[in-house]
file query.txt (compact mmCIF, C-alpha atoms)
# COMPACT_ATOMS: atom_id res chain seq x y z
CA MET T 225 195.70 104.68 43.54
CA LEU T 226 199.10 105.83 44.82
CA LEU T 227 199.78 105.24 48.51
CA GLN T 228 202.94 106.15 50.35
CA GLU T 229 203.81 105.57 53.99
CA SER T 230 203.87 108.73 56.10
CA GLU T 231 203.30 109.87 59.67
CA THR T 232 199.57 109.13 59.29
CA LEU T 233 199.56 106.19 56.84
CA GLU T 234 200.97 102.67 57.21
CA LEU T 235 201.12 99.81 54.65
CA LYS T 236 201.17 96.11 55.54
CA THR T 237 201.53 93.24 53.08
CA SER T 238 199.22 90.89 55.01
CA THR T 239 197.80 90.05 58.40
CA SER T 240 201.02 88.17 59.15
CA GLU T 241 202.14 91.64 60.24
CA LEU T 242 199.12 92.14 62.49
CA LYS T 243 201.15 92.81 65.64
CA GLU T 244 203.23 95.44 63.81
CA ALA T 245 199.97 96.95 62.49
CA VAL T 246 198.58 97.38 66.01
CA ILE T 247 201.84 99.07 67.05
CA SER T 248 201.62 101.43 64.04
CA ILE T 249 198.06 102.40 64.96
CA CYS T 250 199.21 103.15 68.51
CA ALA T 251 202.15 105.26 67.28
CA ILE T 252 200.04 107.26 64.83
CA LEU T 253 197.33 107.94 67.41
CA ASN T 254 199.88 109.19 69.94
CA LYS T 255 201.29 111.61 67.35
CA HIS T 256 198.32 112.70 65.20
CA GLN T 257 195.15 111.23 66.80
CA ARG T 258 193.97 109.86 63.43
CA GLY T 259 195.32 107.87 60.51
CA GLU T 260 194.93 105.03 57.98
CA LEU T 261 196.40 101.56 57.60
CA TYR T 262 196.16 99.22 54.61
CA PHE T 263 196.54 95.43 54.49
CA GLY T 264 197.48 93.95 51.13
CA ILE T 265 199.90 96.66 49.99
CA LYS T 266 203.68 96.29 50.18
CA ASN T 267 205.81 99.06 51.64
CA ASN T 268 207.16 99.65 48.14
CA GLU T 269 203.63 100.89 47.41
CA THR T 270 202.67 98.03 45.11
CA ALA T 271 199.49 96.01 45.69
CA ALA T 272 200.07 92.46 46.86
CA GLY T 273 196.45 91.57 47.51
CA MET T 274 195.24 89.05 50.07
CA GLU T 275 192.43 86.63 50.75
CA ILE T 276 189.81 88.35 52.85
CA SER T 277 187.14 86.50 54.79
CA GLU T 278 184.90 87.43 57.67
CA LYS T 279 187.40 85.66 59.93
CA THR T 280 190.18 87.95 58.62
CA ILE T 281 188.23 91.03 59.64
CA ARG T 282 187.31 89.48 63.02
CA ASP T 283 190.97 88.65 63.71
CA ILE T 284 192.01 92.23 62.99
CA SER T 285 189.24 93.67 65.19
CA ARG T 286 190.08 91.26 68.01
CA ALA T 287 193.82 92.04 67.91
CA ILE T 288 193.10 95.78 68.10
CA ALA T 289 190.53 95.32 70.88
CA GLU T 290 192.77 93.05 72.98
CA HIS T 291 196.16 94.68 72.53
CA LEU T 292 195.49 98.43 72.13
CA GLU T 293 194.59 100.62 75.11
CA PRO T 294 192.53 102.78 75.45
CA LYS T 295 189.99 101.11 73.17
CA VAL T 296 189.84 102.13 69.51
CA TYR T 297 187.16 101.07 67.02
CA PRO T 298 188.47 101.47 63.47
CA VAL T 299 186.31 101.53 60.35
CA ILE T 300 187.37 98.53 58.21
CA THR T 301 186.59 98.67 54.50
CA ARG T 302 187.24 96.23 51.65
CA LEU T 303 188.61 97.79 48.48
CA ALA T 304 190.41 96.87 45.28
CA VAL T 305 193.85 98.29 44.52
CA ALA T 306 195.22 97.43 41.07
CA ALA T 307 192.48 94.78 40.82
CA LYS T 308 193.70 93.10 44.04
CA GLN T 309 191.71 92.76 47.27
CA CYS T 310 192.91 94.90 50.17
CA LEU T 311 191.62 96.18 53.50
CA LYS T 312 191.57 99.80 54.64
CA LEU T 313 191.45 100.72 58.34
CA GLU T 314 190.52 104.29 59.35
CA PHE T 315 191.03 105.10 63.02
CA SER T 316 190.98 108.08 65.35
CA GLY T 317 191.14 108.83 69.05
CA GLN T 318 191.84 111.64 71.50
CA THR T 319 192.57 109.71 74.71
CA MET T 320 196.37 109.70 74.57
CA PRO T 321 198.61 108.05 75.52
CA TYR T 322 197.83 104.82 73.66
CA PHE T 323 199.60 101.53 74.47
CA ALA T 324 200.15 98.53 72.19
CA TYR T 325 201.05 95.27 73.92
CA GLY T 326 201.75 97.24 77.09
CA ARG T 327 204.16 99.74 75.48
CA ALA T 328 203.67 103.29 74.20
CA TYR T 329 204.93 104.23 70.74
CA ILE T 330 205.23 107.43 68.71
CA ARG T 331 205.27 107.95 64.94
CA VAL T 332 208.44 109.50 63.55
CA GLY T 333 208.32 109.80 59.75
CA ASP T 334 207.15 106.37 58.61
CA GLU T 335 208.62 104.51 61.60
CA ASP T 336 207.22 103.51 64.99
CA ARG T 337 209.50 104.30 67.92
CA LYS T 338 209.12 103.37 71.59
CA LEU T 339 208.37 106.32 73.82
CA SER T 340 210.84 107.10 76.60
CA ALA T 341 209.53 107.66 80.13
CA LYS T 342 210.07 111.43 79.73
CA GLU T 343 208.25 111.56 76.38
CA LEU T 344 205.37 109.61 77.88
CA GLU T 345 205.23 112.02 80.80
CA ASN T 346 205.09 114.97 78.38
CA ILE T 347 202.16 113.45 76.48
CA ILE T 348 200.25 112.94 79.73
CA LEU T 349 200.99 116.50 80.88
CA GLU T 350 199.94 117.91 77.50
CA LYS T 351 196.72 115.92 77.62
CA HIS T 352 195.85 117.29 81.05
CA ARG T 353 196.83 120.79 79.96
CA LYS T 354 194.34 120.66 77.08
CA ASN T 355 191.64 119.15 79.27
CA LEU T 356 192.14 121.85 81.89
CA ALA T 357 192.53 124.81 79.52
CA TRP T 358 190.42 127.65 80.89
CA ASP T 359 189.63 129.23 77.53
CA THR T 360 188.04 126.06 76.12
CA GLU T 361 185.85 125.29 79.13
CA PRO T 362 182.06 125.45 78.54
CA LEU T 363 180.30 128.12 80.60
CA LYS T 364 176.98 126.40 81.16
CA LYS T 365 175.43 129.22 83.18
CA ALA T 366 175.80 131.70 80.30
CA GLY T 367 173.61 131.91 77.19
CA LEU T 368 173.35 133.87 73.95
CA ALA T 369 171.40 136.57 75.80
CA ASP T 370 174.60 137.33 77.73
CA LEU T 371 176.48 138.19 74.52
CA SER T 372 176.44 141.40 72.51
CA ALA T 373 175.40 140.69 68.92
CA ALA T 374 176.99 143.98 67.85
CA LYS T 375 180.38 142.99 69.28
CA LEU T 376 180.17 139.58 67.61
CA LYS T 377 179.18 141.08 64.22
CA LYS T 378 182.08 143.54 64.37
CA PHE T 379 184.56 140.77 65.18
CA VAL T 380 183.25 138.50 62.40
CA ALA T 381 183.56 141.35 59.87
CA ILE T 382 187.17 142.11 60.87
CA ALA T 383 187.98 138.38 60.72
CA GLY T 384 186.68 138.29 57.12
CA LEU T 385 183.78 135.91 57.79
CA ASN T 386 180.13 136.11 56.79
CA TYR T 387 177.65 136.76 59.59
CA LYS T 388 174.42 134.73 59.45
CA SER T 389 173.43 134.34 63.08
CA PRO T 390 175.09 134.33 66.51
CA GLU T 391 175.01 130.51 66.66
CA ASN T 392 176.46 130.14 63.17
CA SER T 393 179.26 132.63 63.84
CA LEU T 394 180.17 131.09 67.19
CA GLU T 395 180.29 127.62 65.63
CA LYS T 396 182.55 128.88 62.83
CA LEU T 397 184.88 130.37 65.42
CA GLY T 398 184.88 127.20 67.54
CA LEU T 399 183.36 128.98 70.53
CA LEU T 400 180.54 126.50 71.19
CA ALA T 401 180.72 123.05 72.78
CA GLU T 402 177.51 121.01 72.70
CA LYS T 403 175.53 124.26 72.34
CA HIS T 404 177.24 125.77 75.40
CA LEU T 405 179.28 128.98 75.18
CA LEU T 406 182.96 128.62 75.94
CA ASN T 407 184.64 130.96 78.43
CA THR T 408 186.42 132.70 75.54
CA ALA T 409 183.11 133.66 73.91
CA VAL T 410 181.92 135.49 77.04
CA LEU T 411 185.30 137.13 77.63
CA LEU T 412 185.33 138.49 74.07
CA PHE T 413 181.69 139.34 73.42
CA GLY T 414 179.97 139.36 76.80
CA LYS T 415 177.73 142.25 77.77
CA ASP T 416 179.10 142.04 81.31
CA PRO T 417 181.92 139.43 81.58
CA VAL T 418 182.68 140.32 85.20
CA LYS T 419 179.28 138.82 86.08
CA PHE T 420 180.82 135.42 85.33
CA PHE T 421 184.52 136.16 85.82
CA PRO T 422 185.23 138.45 88.81
CA ASN T 423 188.85 138.79 87.66
CA ALA T 424 187.92 140.11 84.18
CA LYS T 425 189.17 143.52 85.26
CA LEU T 426 191.86 146.08 84.63
CA ARG T 427 193.46 147.89 87.57
CA CYS T 428 195.44 151.08 86.96
CA ALA T 429 197.34 153.44 89.24
CA VAL T 430 199.71 156.41 89.07
CA PHE T 431 202.27 156.72 91.87
CA GLY T 432 204.00 159.87 93.05
CA GLY T 433 207.51 158.39 93.09
CA ASN T 434 209.42 155.29 92.12
CA ASP T 435 207.59 153.09 94.63
CA THR T 436 203.99 152.56 95.74
CA ALA T 437 204.15 154.80 98.84
CA VAL T 438 202.13 157.69 97.36
CA ILE T 439 199.14 157.04 95.09
CA ILE T 440 198.07 159.95 92.90
CA ASP T 441 195.33 158.21 90.92
CA ARG T 442 193.61 154.82 90.95
CA GLN T 443 191.08 153.39 88.48
CA GLU T 444 189.39 150.04 87.92
CA TYR T 445 187.68 149.00 84.68
CA THR T 446 185.40 146.09 83.79
CA GLY T 447 184.11 144.97 80.41
CA ASP T 448 184.98 142.70 77.51
CA ILE T 449 188.63 142.06 76.79
CA PHE T 450 188.82 144.46 73.82
CA TYR T 451 187.44 147.30 75.95
CA LEU T 452 189.97 146.57 78.69
CA ILE T 453 192.86 146.60 76.21
CA GLU T 454 191.81 150.02 74.89
CA GLN T 455 191.37 151.40 78.41
CA ALA T 456 194.84 150.19 79.40
CA GLN T 457 196.37 151.87 76.37
CA ASP T 458 194.50 155.14 76.98
CA TYR T 459 195.46 155.17 80.67
CA ILE T 460 199.15 154.95 79.85
CA LEU T 461 198.89 157.66 77.21
CA LYS T 462 197.11 160.00 79.64
CA ASN T 463 199.73 159.56 82.32
CA ILE T 464 203.06 159.69 80.49
CA HIS T 465 204.72 162.65 78.79
CA LEU T 466 204.05 163.47 75.14
CA GLY T 467 206.56 165.07 72.83
CA MET T 468 205.70 166.70 69.52
CA GLN T 469 206.91 166.66 65.95
CA VAL T 470 205.54 168.39 62.87
CA GLN T 471 204.64 166.31 59.83
CA GLY T 472 203.90 168.71 56.97
CA LEU T 473 201.23 171.08 58.24
CA TYR T 474 200.21 168.87 61.16
CA ARG T 475 201.48 168.37 64.67
CA GLU T 476 201.96 164.76 65.81
CA ASP T 477 202.15 163.78 69.48
CA ILE T 478 204.98 161.38 70.30
CA PRO T 479 204.66 159.51 73.65
CA GLU T 480 207.85 158.99 75.66
CA ILE T 481 207.22 155.21 75.44
CA ASP T 482 206.54 153.81 71.98
CA LYS T 483 202.79 153.23 71.63
CA GLU T 484 203.13 150.09 69.54
CA ALA T 485 205.49 148.56 72.11
CA PHE T 486 203.29 149.06 75.16
CA ARG T 487 200.15 148.07 73.21
CA GLU T 488 201.83 144.77 72.34
CA ALA T 489 202.68 144.25 76.01
CA ILE T 490 199.07 144.98 77.01
CA ILE T 491 197.67 142.51 74.45
CA ASN T 492 200.14 139.86 75.60
CA ALA T 493 199.13 140.45 79.22
CA PHE T 494 195.45 139.76 78.49
CA CYS T 495 196.10 136.98 75.97
CA HIS T 496 198.54 134.89 78.02
CA ARG T 497 197.44 135.57 81.59
CA ASP T 498 196.17 132.80 83.87
CA TYR T 499 192.41 133.37 84.15
CA ARG T 500 192.17 130.87 87.00
CA GLU T 501 194.10 133.37 89.14
CA TYR T 502 191.77 135.83 90.89
CA ASP T 503 194.18 138.72 90.30
CA ALA T 504 193.66 141.20 87.42
CA VAL T 505 195.93 142.69 84.76
CA SER T 506 197.46 145.87 86.22
CA ILE T 507 199.03 149.05 84.89
CA ALA T 508 201.38 150.86 87.29
CA VAL T 509 202.76 154.28 86.27
CA PHE T 510 205.75 155.38 88.34
CA LYS T 511 207.90 158.48 87.91
CA ASP T 512 210.72 156.47 86.34
CA ARG T 513 208.86 153.60 84.62
CA VAL T 514 205.60 151.99 83.53
CA GLU T 515 204.85 148.39 84.51
CA ILE T 516 202.32 146.07 82.84
CA ARG T 517 201.62 143.14 85.17
CA SER T 518 199.98 139.88 84.06
CA PRO T 519 198.91 137.12 86.51
CA GLY T 520 200.35 133.70 85.86
CA GLY T 521 203.97 134.12 84.80
CA LEU T 522 205.54 132.45 81.76
CA TYR T 523 204.00 129.19 80.58
CA GLY T 524 205.27 125.83 79.38
CA GLY T 525 208.72 125.99 80.96
CA LEU T 526 209.81 129.06 79.00
CA THR T 527 212.34 131.41 80.56
CA ILE T 528 212.84 135.14 80.06
CA ALA T 529 216.20 134.44 78.40
CA GLN T 530 214.52 132.12 75.89
CA ILE T 531 211.73 134.51 74.89
CA LYS T 532 214.27 137.31 74.38
CA LYS T 533 216.70 135.27 72.27
CA ALA T 534 214.31 133.14 70.21
CA SER T 535 210.98 133.91 68.53
CA VAL T 536 209.14 131.14 70.36
CA SER T 537 206.09 131.09 72.59
CA ARG T 538 204.01 128.61 74.59
CA ARG T 539 200.48 129.83 74.90
CA ARG T 540 198.42 129.18 77.98
CA ASN T 541 195.18 130.17 76.19
CA GLU T 542 195.42 128.70 72.68
CA LEU T 543 191.82 129.43 71.70
CA LEU T 544 191.95 133.02 72.95
CA ALA T 545 195.25 133.54 71.10
CA GLU T 546 193.64 132.12 67.94
CA MET T 547 190.82 134.67 68.21
CA PHE T 548 193.36 137.48 68.59
CA TYR T 549 195.23 136.15 65.57
CA ARG T 550 192.07 136.20 63.46
CA ILE T 551 191.81 139.97 63.87
CA HIS T 552 195.57 140.57 63.66
CA PHE T 553 196.08 141.38 67.35
CA VAL T 554 198.86 138.79 67.66
CA GLU T 555 201.01 136.66 65.40
CA LYS T 556 201.50 132.89 65.61
CA TRP T 557 205.28 133.12 65.54
CA GLY T 558 206.08 134.46 68.99
CA ARG T 559 207.20 137.87 67.68
CA GLY T 560 205.66 139.93 70.49
CA ILE T 561 208.83 140.20 72.61
CA PRO T 562 211.12 141.02 69.63
CA LEU T 563 208.62 143.69 68.55
CA ILE T 564 208.66 145.28 72.01
CA LEU T 565 212.45 145.24 72.18
CA GLY T 566 212.72 146.54 68.63
CA LYS T 567 210.66 149.60 69.58
CA GLU T 568 211.90 149.96 73.17
CA PRO T 569 215.35 148.33 73.58
CA ALA T 570 215.51 149.35 77.25
CA ALA T 571 212.33 147.40 78.12
CA ARG T 572 212.80 144.71 80.78
CA PHE T 573 210.90 141.56 81.73
CA LYS T 574 210.69 139.91 85.12
CA GLU T 575 208.72 137.31 87.06
CA ILE T 576 207.77 138.03 90.65
CA ALA T 577 205.27 136.14 92.85
CA GLY T 578 203.44 134.54 89.94
CA LEU T 579 203.32 137.76 87.88
CA PHE T 580 204.92 138.39 84.50
CA ILE T 581 205.91 142.06 84.40
CA THR T 582 206.96 144.15 81.42
CA VAL T 583 208.86 147.28 82.48
CA PHE T 584 209.23 150.34 80.25
CA PRO T 585 211.69 152.98 81.57
CA ARG T 586 210.35 156.52 81.16
CA LYS T 587 212.56 158.79 79.07
CA SER T 588 211.36 161.84 81.01
CA ALA T 589 212.86 160.39 84.20
CA ALA T 590 216.28 160.16 82.56
CA LYS T 591 216.11 163.78 81.40
CA GLN T 592 215.07 165.44 84.62
CA THR T 593 215.40 164.89 88.33
CA ASP T 594 212.88 166.09 90.89
CA PRO T 595 214.29 169.31 92.52
CA LEU T 596 213.31 167.96 95.95
CA GLN T 597 215.20 164.77 95.22
CA LYS T 598 218.28 166.78 94.19
CA THR T 599 218.13 168.74 97.48
CA ALA T 600 217.83 165.52 99.51
CA GLN T 601 220.84 164.04 97.71
CA LYS T 602 222.94 167.14 98.43
CA THR T 603 221.93 167.03 102.12
CA ALA T 604 222.86 163.36 102.35
CA GLN T 605 226.26 163.99 100.75
CA LYS T 606 227.00 166.84 103.19
CA ILE T 607 226.08 164.63 106.16
CA LEU T 608 228.41 161.87 104.94
CA THR T 609 231.23 164.40 104.52
CA LEU T 610 230.80 165.69 108.09
CA ILE T 611 230.67 162.14 109.47
CA GLN T 612 233.87 161.22 107.65
CA GLY T 613 235.54 164.13 109.47
CA ASN T 614 234.03 163.19 112.86
CA ASN T 615 232.43 159.76 113.26
CA SER T 616 231.17 160.67 116.77
CA ILE T 617 229.19 163.71 115.62
CA THR T 618 225.65 163.91 117.03
CA THR T 619 222.37 164.57 115.27
CA LYS T 620 222.13 168.01 116.94
CA GLU T 621 225.66 168.89 115.85
CA LEU T 622 224.87 167.87 112.26
CA ALA T 623 221.68 169.98 112.32
CA ALA T 624 223.60 173.00 113.64
CA GLY T 625 226.43 172.56 111.15
CA LEU T 626 224.06 172.39 108.15
CA SER T 627 221.45 174.87 109.44
CA LEU T 628 218.73 172.21 109.18
CA SER T 629 216.17 170.85 111.65
CA VAL T 630 217.00 167.85 113.81
CA ARG T 631 213.98 166.10 112.23
CA THR T 632 215.39 166.54 108.69
CA ILE T 633 218.79 165.22 109.77
CA ALA T 634 217.23 162.21 111.55
CA TYR T 635 215.09 161.40 108.47
CA THR T 636 218.12 161.60 106.15
CA LEU T 637 220.25 159.45 108.47
CA GLN T 638 217.54 156.82 108.50
CA GLY T 639 217.47 156.81 104.70
CA LEU T 640 221.25 156.47 104.48
CA LYS T 641 221.15 153.48 106.82
CA LYS T 642 218.36 151.80 104.83
CA SER T 643 220.32 152.36 101.63
CA GLY T 644 223.37 150.63 103.10
CA LEU T 645 225.53 153.76 102.93
CA LEU T 646 225.81 154.35 106.69
CA ALA T 647 225.87 152.21 109.84
CA ARG T 648 225.64 153.04 113.54
CA ILE T 649 228.03 151.15 115.80
CA GLY T 650 226.99 151.26 119.44
CA GLY T 651 224.16 153.20 121.05
CA ASP T 652 223.10 156.83 120.76
CA LYS T 653 225.51 157.75 123.56
CA GLY T 654 229.10 156.63 123.16
CA GLY T 655 228.46 155.12 119.74
CA ARG T 656 229.94 156.13 116.41
CA TRP T 657 229.06 156.29 112.71
CA LYS T 658 230.63 154.20 109.96
CA VAL T 659 230.42 155.28 106.33
CA LEU T 660 230.00 152.13 104.24
call {"tool": "encode", "arguments": {"input": "query.txt", "output": "structure tokens"}}
result
Amino acid sequence: MLLQESETLELKTSTSELKEAVISICAILNKHQRGELYFGIKNNETAAGMEISEKTIRDISRAIAEHLEPKVYPVITRLAVAAKQCLKLEFSGQTMPYFAYGRAYIRVGDEDRKLSAKELENIILEKHRKNLAWDTEPLKKAGLADLSAAKLKKFVAIAGLNYKSPENSLEKLGLLAEKHLLNTAVLLFGKDPVKFFPNAKLRCAVFGGNDTAVIIDRQEYTGDIFYLIEQAQDYILKNIHLGMQVQGLYREDIPEIDKEAFREAIINAFCHRDYREYDAVSIAVFKDRVEIRSPGGLYGGLTIAQIKKASVSRRRNELLAEMFYRIHFVEKWGRGIPLILGKEPAARFKEIAGLFITVFPRKSAAKQTDPLQKTAQKTAQKILTLIQGNNSITTKELAAGLSLSVRTIAYTLQGLKKSGLLARIGGDKGGRWKVL
């Protein structure tokens, strides 16, 4: 029997090292939540053996009970190693952080190291994060009748698993907790997820310009998460320009924004969004860009600079991300952002008011300018030229000089002031213009 100390295994020569043993149990639990410890084996991996009585076992149990918090109840077994009597302790626990003799420890390699205040804080925060994770919460008011067996069978087949029954498949996927469906199960396979989650929606809109002033089209979709992802993709494709190239005898449509790039952004939006926020994932199609908006912002202290430079990710919904990984929707290595930038280098990312927004500039906007916009720009330039020649010129004089209506001149002047290109010093009478 070959034993070697590691991050989950500790060797002690005898119970003279009982205090150190309790500390090792604490350190291993804080790092891995389970482990083994042997009495009677030297740290050079040779069996020393020891005298074992009922009192020996009681002393070990008492030391662990009195000096390790929260309580842990190890399984203690007698065994022979190289014909010498030893004790094996198997222990596990999920209620981190653990404290031995009033201090918290962490396992690093085969050593036990005291936790700093910051490390202890991180363990506590991580514990609460897992306990509060939306995707792993049981949904007690939902039952198997609320799921689509067809959707579940299709998923199981793509994931390469055998389908026996809904219960069996859900258990294999880790989507049941004490016979209750988890939120993720209903979001993925629910017949009508919005019945339980009012924010399980997709909102889409097309705007007439580069802002939200004029709405041309607005749609709202409900359904399982896979349906919403497909609807988001289709909506973008319907409302952006398509180019064309010929491959052999066939014509192939080429969207102005790479399909793989915006599909990745859509999947990320649904996978990493905060489902405790009432808001929905949104698609906004403007004349110059497409925005994919996800409620919740970046997670785990990540910044936009970090996700662009390094292939790292912190996932708000670990279980949901694992389900996506099973059917090859996402990868575990944080490659979503590099993939987007590899396909669309001009893509931008921003966080505003709790939203994470992926912005894809539209190539059609760079190639052509709205004729009306061109006319407005020319009018504005002519007005600025006249004002530079006479900063006391009136609106009526400008209208007469350009053969335009007073209303058009007033509207353009207002726009120039809002844009910071023009200022009015003084009142309408006796005042003057200043070109900025």
call {"tool": "residues_around", "arguments": {"input": "query.txt", "residues": "Ala287 in chain T", "least_positions_apart": "5", "cutoff": "10 Å", "atoms": "only C-alpha atoms", "output": "number ranges by chain"}}
result
T: 242-243, 245-246, 282, 292, 325
call {"tool": "residues_around", "arguments": {"input": "query.txt", "residues": "range 379-393 of chain T", "least_positions_apart": "3", "cutoff": "12 Å", "atoms": "all atoms listed in the file", "output": "ChimeraX atom specification"}}
result
/T:367-376,396-405,409,412-413,450,546-553
call {"tool": "residues_near_point", "arguments": {"input": "query.txt", "point": "(213.9, 149.2, 75.4)", "cutoff": "10 Å", "atoms": "all atoms listed in the file", "output": "short mmCIF file (atom, residue, chain, number, x, y, z; two decimals) with C-alpha atoms, in the coordinates of the input"}}
result
data_model
loop_
_atom_site.label_atom_id
_atom_site.label_comp_id
_atom_site.auth_asym_id
_atom_site.auth_seq_id
_atom_site.Cartn_x
_atom_site.Cartn_y
_atom_site.Cartn_z
CA ILE T 481 207.22 155.21 75.44
CA ASP T 482 206.54 153.81 71.98
CA ALA T 485 205.49 148.56 72.11
CA ILE T 564 208.66 145.28 72.01
CA LEU T 565 212.45 145.24 72.18
CA GLY T 566 212.72 146.54 68.63
CA LYS T 567 210.66 149.60 69.58
CA GLU T 568 211.90 149.96 73.17
CA PRO T 569 215.35 148.33 73.58
CA ALA T 570 215.51 149.35 77.25
CA ALA T 571 212.33 147.40 78.12
CA ARG T 572 212.80 144.71 80.78
CA VAL T 583 208.86 147.28 82.48
CA PHE T 584 209.23 150.34 80.25
CA PRO T 585 211.69 152.98 81.57
CA ARG T 586 210.35 156.52 81.16
#
call {"tool": "atom_distance", "arguments": {"input": "query.txt", "atom1": "CA of Ser230 in chain T", "atom2": "CA of Asp336 in chain T"}}
result
10.8 Å
call {"tool": "closest_residue", "arguments": {"input": "query.txt", "among": "T:Ala429, T:Leu452, T:Ile252, T:Ile531", "to": "Ala328 in chain T", "atoms": "all atoms listed in the file"}}
result
T:Ile252
call {"tool": "atom_distance", "arguments": {"input": "query.txt", "atom1": "CA of Leu226 in chain T", "atom2": "CA of Glu260 in chain T"}}
result
13.8 Å
call {"tool": "residues_around", "arguments": {"input": "query.txt", "residues": "Arg331 in chain T", "least_positions_apart": "4", "cutoff": "8 Å", "atoms": "only C-alpha atoms", "output": "MDAnalysis selection string"}}
result
chainID T and resid 231 248 251:252 254:255 335:337
